[in-house]
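Novice: Below is the file protein.csv, which contains CSV, C-alpha atoms.
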chain,number,residue,atom,x,y,z
A,1472,LEU,CA,153.8,124.2,51.0
A,1473,LEU,CA,152.5,124.3,47.4
A,1474,GLN,CA,153.9,127.8,47.0
A,1475,ASP,CA,157.4,126.6,48.1
A,1476,LEU,CA,157.5,123.9,45.4
A,1477,PRO,CA,159.5,124.7,42.4
A,1478,GLU,CA,157.5,125.3,39.1
A,1479,SER,CA,159.3,122.4,37.5
A,1480,THR,CA,157.9,119.9,40.1
A,1481,PRO,CA,156.0,117.2,38.3
A,1482,GLU,CA,152.3,116.8,38.8
A,1483,TRP,CA,152.6,113.5,40.5
A,1484,ALA,CA,154.9,115.1,43.1
A,1485,LYS,CA,152.4,117.8,43.8
A,1486,GLN,CA,149.7,115.3,44.2
A,1487,GLU,CA,151.7,113.3,46.7
A,1488,GLU,CA,152.5,116.5,48.7
A,1489,GLU,CA,148.8,117.4,48.8
A,1490,ASP,CA,147.9,113.9,50.0
A,1491,ALA,CA,150.5,114.1,52.7
A,1492,ILE,CA,149.1,117.4,54.0
A,1493,GLU,CA,145.6,116.0,54.1
A,1494,GLU,CA,146.6,112.9,56.0
A,1495,GLN,CA,148.8,114.6,58.5
A,1496,PRO,CA,146.1,115.9,61.0
A,1497,ILE,CA,144.4,112.5,61.0
A,1498,MET,CA,147.6,110.7,61.8
A,1499,SER,CA,148.4,113.2,64.6
A,1500,ARG,CA,145.0,112.7,66.2
A,1501,ASN,CA,145.3,109.0,66.0
A,1502,HIS,CA,148.7,109.1,67.6
A,1503,VAL,CA,147.4,111.1,70.6
A,1504,THR,CA,144.2,109.0,71.1
A,1505,LEU,CA,145.8,105.6,70.9
A,1506,SER,CA,148.6,106.3,73.3
A,1507,GLY,CA,149.0,102.8,74.6
A,1508,PRO,CA,150.8,103.1,78.0
A,1509,THR,CA,148.7,106.0,79.3
A,1510,LYS,CA,145.4,104.5,78.3
A,1511,SER,CA,146.3,101.1,79.9
A,1512,ARG,CA,147.2,102.7,83.3
A,1513,HIS,CA,144.0,104.7,83.6
A,1514,ALA,CA,141.8,101.7,82.6
A,1515,GLN,CA,143.6,99.4,85.0
A,1516,CYS,CA,143.2,101.9,87.8
A,1517,LEU,CA,139.4,102.3,87.1
A,1518,PHE,CA,139.0,98.5,86.9
A,1519,ASN,CA,140.8,98.0,90.3
A,1520,CYS,CA,138.6,100.6,92.0
A,1521,CYS,CA,135.4,99.0,90.7
A,1522,LYS,CA,136.6,95.6,91.7
A,1523,LEU,CA,137.5,96.8,95.3
A,1524,THR,CA,134.2,98.5,95.7
A,1525,TYR,CA,132.3,95.3,94.6
A,1526,ILE,CA,134.3,93.2,97.1
A,1527,VAL,CA,133.8,95.5,100.0
A,1528,SER,CA,130.0,95.8,99.2
A,1529,ALA,CA,129.6,92.0,99.0
A,1530,VAL,CA,131.5,91.4,102.2
A,1531,SER,CA,129.5,94.1,104.0
A,1532,ILE,CA,126.2,92.7,102.9
A,1533,ILE,CA,127.1,89.1,103.9
A,1534,ALA,CA,128.3,90.3,107.3
A,1535,LEU,CA,125.1,92.3,107.8
A,1536,VAL,CA,122.9,89.3,106.9
A,1537,ILE,CA,124.9,87.0,109.3
A,1538,PHE,CA,124.6,89.6,112.1
A,1539,ALA,CA,120.9,90.0,111.6
A,1540,ILE,CA,120.3,86.3,111.7
A,1541,CYS,CA,122.4,85.7,114.8
A,1542,TYR,CA,121.2,88.8,116.8
A,1543,TYR,CA,117.7,89.2,115.6
A,1544,PRO,CA,115.6,89.6,118.9
A,1545,ARG,CA,113.5,86.6,119.8
A,1546,LYS,CA,110.8,86.5,122.4
A,1547,PRO,CA,111.8,85.0,125.7
A,1548,ASN,CA,109.8,82.1,127.2
A,1549,TYR,CA,108.8,81.9,130.9
A,1550,ASN,CA,107.1,79.5,133.3
A,1551,ILE,CA,105.5,80.1,136.6
A,1552,CYS,CA,107.0,77.5,138.9
A,1553,SER,CA,105.0,78.0,142.1
A,1554,ASP,CA,103.3,74.7,143.2
A,1555,GLU,CA,100.0,73.9,144.8
A,1556,PHE,CA,101.2,74.7,148.3
A,1557,ASP,CA,101.8,78.4,147.3
A,1558,TRP,CA,98.3,78.8,145.9
A,1559,ASN,CA,96.8,76.8,148.8
A,1560,SER,CA,98.4,79.1,151.3
A,1561,ILE,CA,96.9,82.1,149.4
A,1562,ALA,CA,93.5,80.5,149.2
A,1563,ASN,CA,93.5,79.5,152.9
A,1564,GLY,CA,94.5,83.0,153.9
A,1565,MET,CA,91.6,84.5,151.9
A,1566,THR,CA,89.2,81.9,153.4
A,1567,SER,CA,90.3,82.7,157.0
A,1568,LEU,CA,90.6,86.5,156.2
A,1569,THR,CA,94.2,86.4,157.6
A,1570,LEU,CA,96.2,87.1,154.4
A,1571,GLN,CA,99.9,87.6,155.0
A,1572,GLY,CA,101.8,90.6,153.7
A,1573,GLY,CA,103.1,89.0,150.6
A,1574,PHE,CA,103.6,85.7,148.8
A,1575,GLN,CA,106.7,84.8,146.8
A,1576,ILE,CA,106.1,83.2,143.4
A,1577,LEU,CA,109.1,81.7,141.5
A,1578,VAL,CA,109.4,82.4,137.8
A,1579,SER,CA,111.8,80.8,135.4
A,1580,ILE,CA,112.6,82.6,132.1
A,1581,TYR,CA,114.6,81.5,129.1
A,1582,ASN,CA,116.5,84.1,127.1
A,1583,PRO,CA,117.1,82.8,123.6
A,1584,ASN,CA,119.0,85.9,122.5
A,1585,LYS,CA,122.8,86.3,122.3
A,1586,ILE,CA,122.9,89.3,124.6
A,1587,SER,CA,122.0,89.5,128.3
A,1588,VAL,CA,119.2,91.5,129.8
A,1589,ASP,CA,119.0,93.3,133.1
A,1590,LEU,CA,115.6,93.3,134.7
A,1591,VAL,CA,115.6,96.7,136.4
A,1592,GLN,CA,112.2,96.7,138.0
A,1593,GLY,CA,108.7,95.6,137.5
A,1594,SER,CA,105.3,96.0,139.1
A,1595,GLY,CA,101.7,95.2,138.4
A,1596,SER,CA,98.2,94.8,139.7
A,1597,PHE,CA,95.6,91.9,139.8
A,1598,LYS,CA,92.0,92.4,139.0
A,1599,HIS,CA,89.2,89.9,139.5
A,1600,LYS,CA,86.0,90.6,137.6
A,1601,GLY,CA,87.0,94.2,137.2
A,1602,VAL,CA,87.8,94.7,140.9
A,1603,HIS,CA,91.4,95.4,142.2
A,1604,VAL,CA,92.4,92.6,144.5
A,1605,GLY,CA,96.2,92.8,144.8
A,1606,ASN,CA,99.6,94.0,143.6
A,1607,MET,CA,102.9,92.4,142.5
A,1608,GLU,CA,106.5,93.5,142.6
A,1609,ILE,CA,109.3,91.9,140.5
A,1610,SER,CA,112.7,91.6,142.0
A,1611,PRO,CA,115.7,92.9,140.0
A,1612,ALA,CA,117.6,90.1,138.2
A,1613,LYS,CA,120.2,89.6,135.5
A,1614,ILE,CA,118.9,87.4,132.7
A,1615,GLU,CA,121.9,85.8,131.0
A,1616,ALA,CA,122.1,85.2,127.2
A,1617,GLU,CA,120.9,81.8,126.0
A,1618,SER,CA,120.2,80.5,129.5
A,1619,ILE,CA,117.4,80.0,132.1
A,1620,THR,CA,117.2,82.4,135.0
A,1621,ASP,CA,115.0,82.2,138.1
A,1622,PHE,CA,113.7,85.3,139.8
A,1623,SER,CA,111.0,85.9,142.4
A,1624,VAL,CA,107.7,87.9,142.2
A,1625,THR,CA,106.1,89.2,145.4
A,1626,CYS,CA,102.3,89.1,145.2
A,1627,THR,CA,100.2,90.9,147.8
A,1628,PHE,CA,96.4,90.3,147.8
A,1629,THR,CA,94.2,92.8,149.6
A,1630,PRO,CA,90.5,91.9,148.7
A,1631,ASP,CA,87.7,92.8,151.0
A,1632,LYS,CA,85.8,90.2,153.0
A,1633,TRP,CA,83.3,89.2,150.3
A,1634,GLU,CA,85.7,89.4,147.5
A,1635,ALA,CA,88.1,87.1,149.4
A,1636,LEU,CA,85.4,84.5,149.9
A,1637,SER,CA,84.6,84.7,146.2
A,1638,LEU,CA,88.2,84.2,145.3
A,1639,SER,CA,88.7,81.2,147.6
A,1640,THR,CA,85.5,79.6,146.4
A,1641,GLU,CA,86.5,79.8,142.7
A,1642,TYR,CA,90.0,78.5,143.6
A,1643,TYR,CA,88.7,75.3,145.2
A,1644,ARG,CA,86.3,74.8,142.3
A,1645,GLY,CA,89.2,75.1,139.8
A,1646,LYS,CA,87.9,78.3,138.1
A,1647,LEU,CA,90.0,81.1,139.6
A,1648,GLN,CA,91.2,83.7,137.1
A,1649,PHE,CA,92.9,87.0,137.3
A,1650,LEU,CA,93.6,89.8,134.9
A,1651,LEU,CA,97.1,91.2,135.3
A,1652,ASP,CA,98.4,94.6,134.3
A,1653,THR,CA,102.1,95.0,134.5
A,1654,SER,CA,105.0,97.2,133.6
A,1655,ILE,CA,108.6,96.0,133.4
A,1656,THR,CA,111.8,98.0,132.7
A,1657,VAL,CA,114.7,96.2,131.2
A,1658,SER,CA,118.2,97.3,130.0
A,1659,PHE,CA,120.7,95.9,127.7
A,1660,PRO,CA,124.3,96.3,129.0
A,1661,GLU,CA,125.8,95.2,125.7
A,1662,LEU,CA,123.9,97.9,123.9
A,1663,TYR,CA,125.4,100.7,125.9
A,1664,GLY,CA,122.7,100.4,128.6
A,1665,TYR,CA,119.8,100.9,126.3
A,1666,THR,CA,116.6,100.8,128.4
A,1667,TYR,CA,113.2,99.5,127.2
A,1668,ASN,CA,109.8,99.5,129.0
A,1669,VAL,CA,107.5,96.6,128.5
A,1670,LYS,CA,103.8,96.9,129.3
A,1671,LEU,CA,101.2,94.2,129.5
A,1672,ALA,CA,97.5,94.9,129.9
A,1673,ASN,CA,94.7,92.4,130.8
A,1674,LYS,CA,97.0,89.4,130.8
A,1675,LEU,CA,94.7,86.4,131.7
A,1676,ILE,CA,96.0,84.2,134.5
A,1677,ASN,CA,94.2,81.0,135.1
A,1678,VAL,CA,95.4,79.8,138.5
A,1679,ASN,CA,94.0,76.3,138.2
A,1680,GLU,CA,95.1,75.7,134.6
A,1681,VAL,CA,97.9,73.2,133.9
A,1682,SER,CA,100.8,75.3,132.7
A,1683,ASP,CA,104.1,74.5,131.0
A,1684,ARG,CA,106.8,73.9,133.6
A,1685,SER,CA,109.6,72.7,131.3
A,1686,LEU,CA,111.8,75.5,132.4
A,1687,CYS,CA,111.4,74.9,136.1
A,1688,ALA,CA,114.0,73.2,138.2
A,1689,CYS,CA,111.2,70.8,139.5
A,1690,PRO,CA,109.0,70.3,136.4
A,1691,GLN,CA,106.5,67.9,138.1
A,1692,TRP,CA,103.4,69.3,139.8
A,1693,SER,CA,102.1,66.6,142.1
A,1694,ASP,CA,98.6,68.1,142.1
A,1695,VAL,CA,98.1,70.0,138.9
A,1696,LYS,CA,94.5,71.0,139.9
A,1697,PRO,CA,94.7,71.6,143.6
A,1698,GLY,CA,91.4,71.2,145.5
A,1699,LEU,CA,89.4,70.7,142.3
A,1700,ASN,CA,86.9,68.3,144.0
A,1701,GLN,CA,86.7,70.3,147.2
A,1702,GLU,CA,83.8,72.5,148.1
A,1703,LEU,CA,83.9,75.4,150.5
Could the structure of this file be written out as structure tokens, please?
Specialist:
Amino acid sequence: LLQDLPESTPEWAKQEEEDAIEEQPIMSRNHVTLSGPTKSRHAQCLFNCCKLTYIVSAVSIIALVIFAICYYPRKPNYNICSDEFDWNSIANGMTSLTLQGGFQILVSIYNPNKISVDLVQGSGSFKHKGVHVGNMEISPAKIEAESITDFSVTCTFTPDKWEALSLSTEYYRGKLQFLLDTSITVSFPELYGYTYNVKLANKLINVNEVSDRSLCACPQWSDVKPGLNQEL
């Protein structure tokens, strides 16, 4: 551009032309960088995406916390609802050595969870002072959510003559205890039939002890320690 200027161009005109040439790239760069509409659209889109991600994450976390609080598994509570007549019949049978094939024991269980449970099967064995004296079988049952369900347990005692006399003597003295080993299989229909096996080993059962019967249909036990003062 300086070469195209006529020789008669004044010095001040040349200086203005040089200043214009030096400022032109800067003005061009500023013009491209500060393009208002284009920059605003991209910034707004990025802001909306971040905002949406934040909202979805917050709602998901809140929903997960509520689900965990409501459906966190809680341990069920159960009561053995058999009365003194059941245990008396067992003790009398051991005393006379004429035990029947099996004895039905009623159990009430409360399921505090929000999903139902199917009791598929259950079995166990009784030990007295390390000696096997009987077996148990649990009948299948459906344990409804947040409700009390009753089911029966069949107990079969097969002690020998001397062990039977020892058991009946301890019962009438109020000191009869068993150790129970059991295995129970449960399934969860609402969790696509998920199956879980529960095992209990050396569960102490004190026959003559006063137990909680708040879940039983007849919570009163007329003789909470049957035969305590009787001697064989």
Novice: Show me, as a Markdown table, the residues of range 1552-1652 of chain A having an atom within 10 Å of range 1674-1682 of chain A, each with the closest atom pair and its distance in Å, using only C-alpha atoms.
Specialist:
| residue | atom | partner | partner_atom | distance |
| --- | --- | --- | --- | --- |
| A:Cys1552 | CA | A:Ser1682 | CA | 9.0 |
| A:Glu1555 | CA | A:Asn1679 | CA | 9.2 |
| A:Trp1558 | CA | A:Val1678 | CA | 8.0 |
| A:Phe1597 | CA | A:Ile1676 | CA | 9.4 |
| A:Lys1598 | CA | A:Leu1675 | CA | 9.8 |
| A:Glu1641 | CA | A:Asn1679 | CA | 9.4 |
| A:Tyr1642 | CA | A:Asn1679 | CA | 7.1 |
| A:Tyr1643 | CA | A:Asn1679 | CA | 8.8 |
| A:Arg1644 | CA | A:Asn1679 | CA | 8.9 |
| A:Gly1645 | CA | A:Asn1679 | CA | 5.2 |
| A:Lys1646 | CA | A:Asn1679 | CA | 6.4 |
| A:Leu1647 | CA | A:Val1678 | CA | 5.7 |
| A:Gln1648 | CA | A:Asn1677 | CA | 4.5 |
| A:Phe1649 | CA | A:Ile1676 | CA | 5.0 |
| A:Leu1650 | CA | A:Leu1675 | CA | 4.8 |
| A:Leu1651 | CA | A:Lys1674 | CA | 4.8 |
| A:Asp1652 | CA | A:Lys1674 | CA | 6.4 |
Novice: Can you pull out every residue within 9 Å of range 1606-1616 of chain A, counting all atoms listed in the file, but drop anything in the same chain fewer than 3 positions away, and send it as a PyMOL selection string?
Specialist: chain A and resi 1573+1580-1597+1603+1619-1629+1653+1655
Novice: What are the closest atom pairs, with distances in Å to one decimal, for all residues of range 1637-1679 of chain A lying within 12 Å of range 1521-1544 of chain A? Consider only C-alpha atoms, order rows by chain and residue number, and present the result as JSON lines.
Specialist:
{"residue": "A:Phe1659", "atom": "CA", "partner": "A:Pro1544", "partner_atom": "CA", "distance": 12.0}
{"residue": "A:Glu1661", "atom": "CA", "partner": "A:Tyr1542", "partner_atom": "CA", "distance": 11.9}
{"residue": "A:Leu1662", "atom": "CA", "partner": "A:Tyr1542", "partner_atom": "CA", "distance": 11.9}
Novice: Could you check the closest approach to Tyr1549 in chain A for each of A:Leu1636, A:Ser1579, A:Ala1672, A:Phe1574 and tell me which residue wins, using only C-alpha atoms?
Specialist: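 The shortest atom-to-atom distance to Tyr1549 in chain A comes from A:Ser1579.
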Novice: Tell me, in Å to one decimal, how far CA of Gly1605 in chain A is from CA of Pro1630 in chain A.
Specialist: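 Separation of CA of Gly1605 in chain A and CA of Pro1630 in chain A: 7.0 Å.
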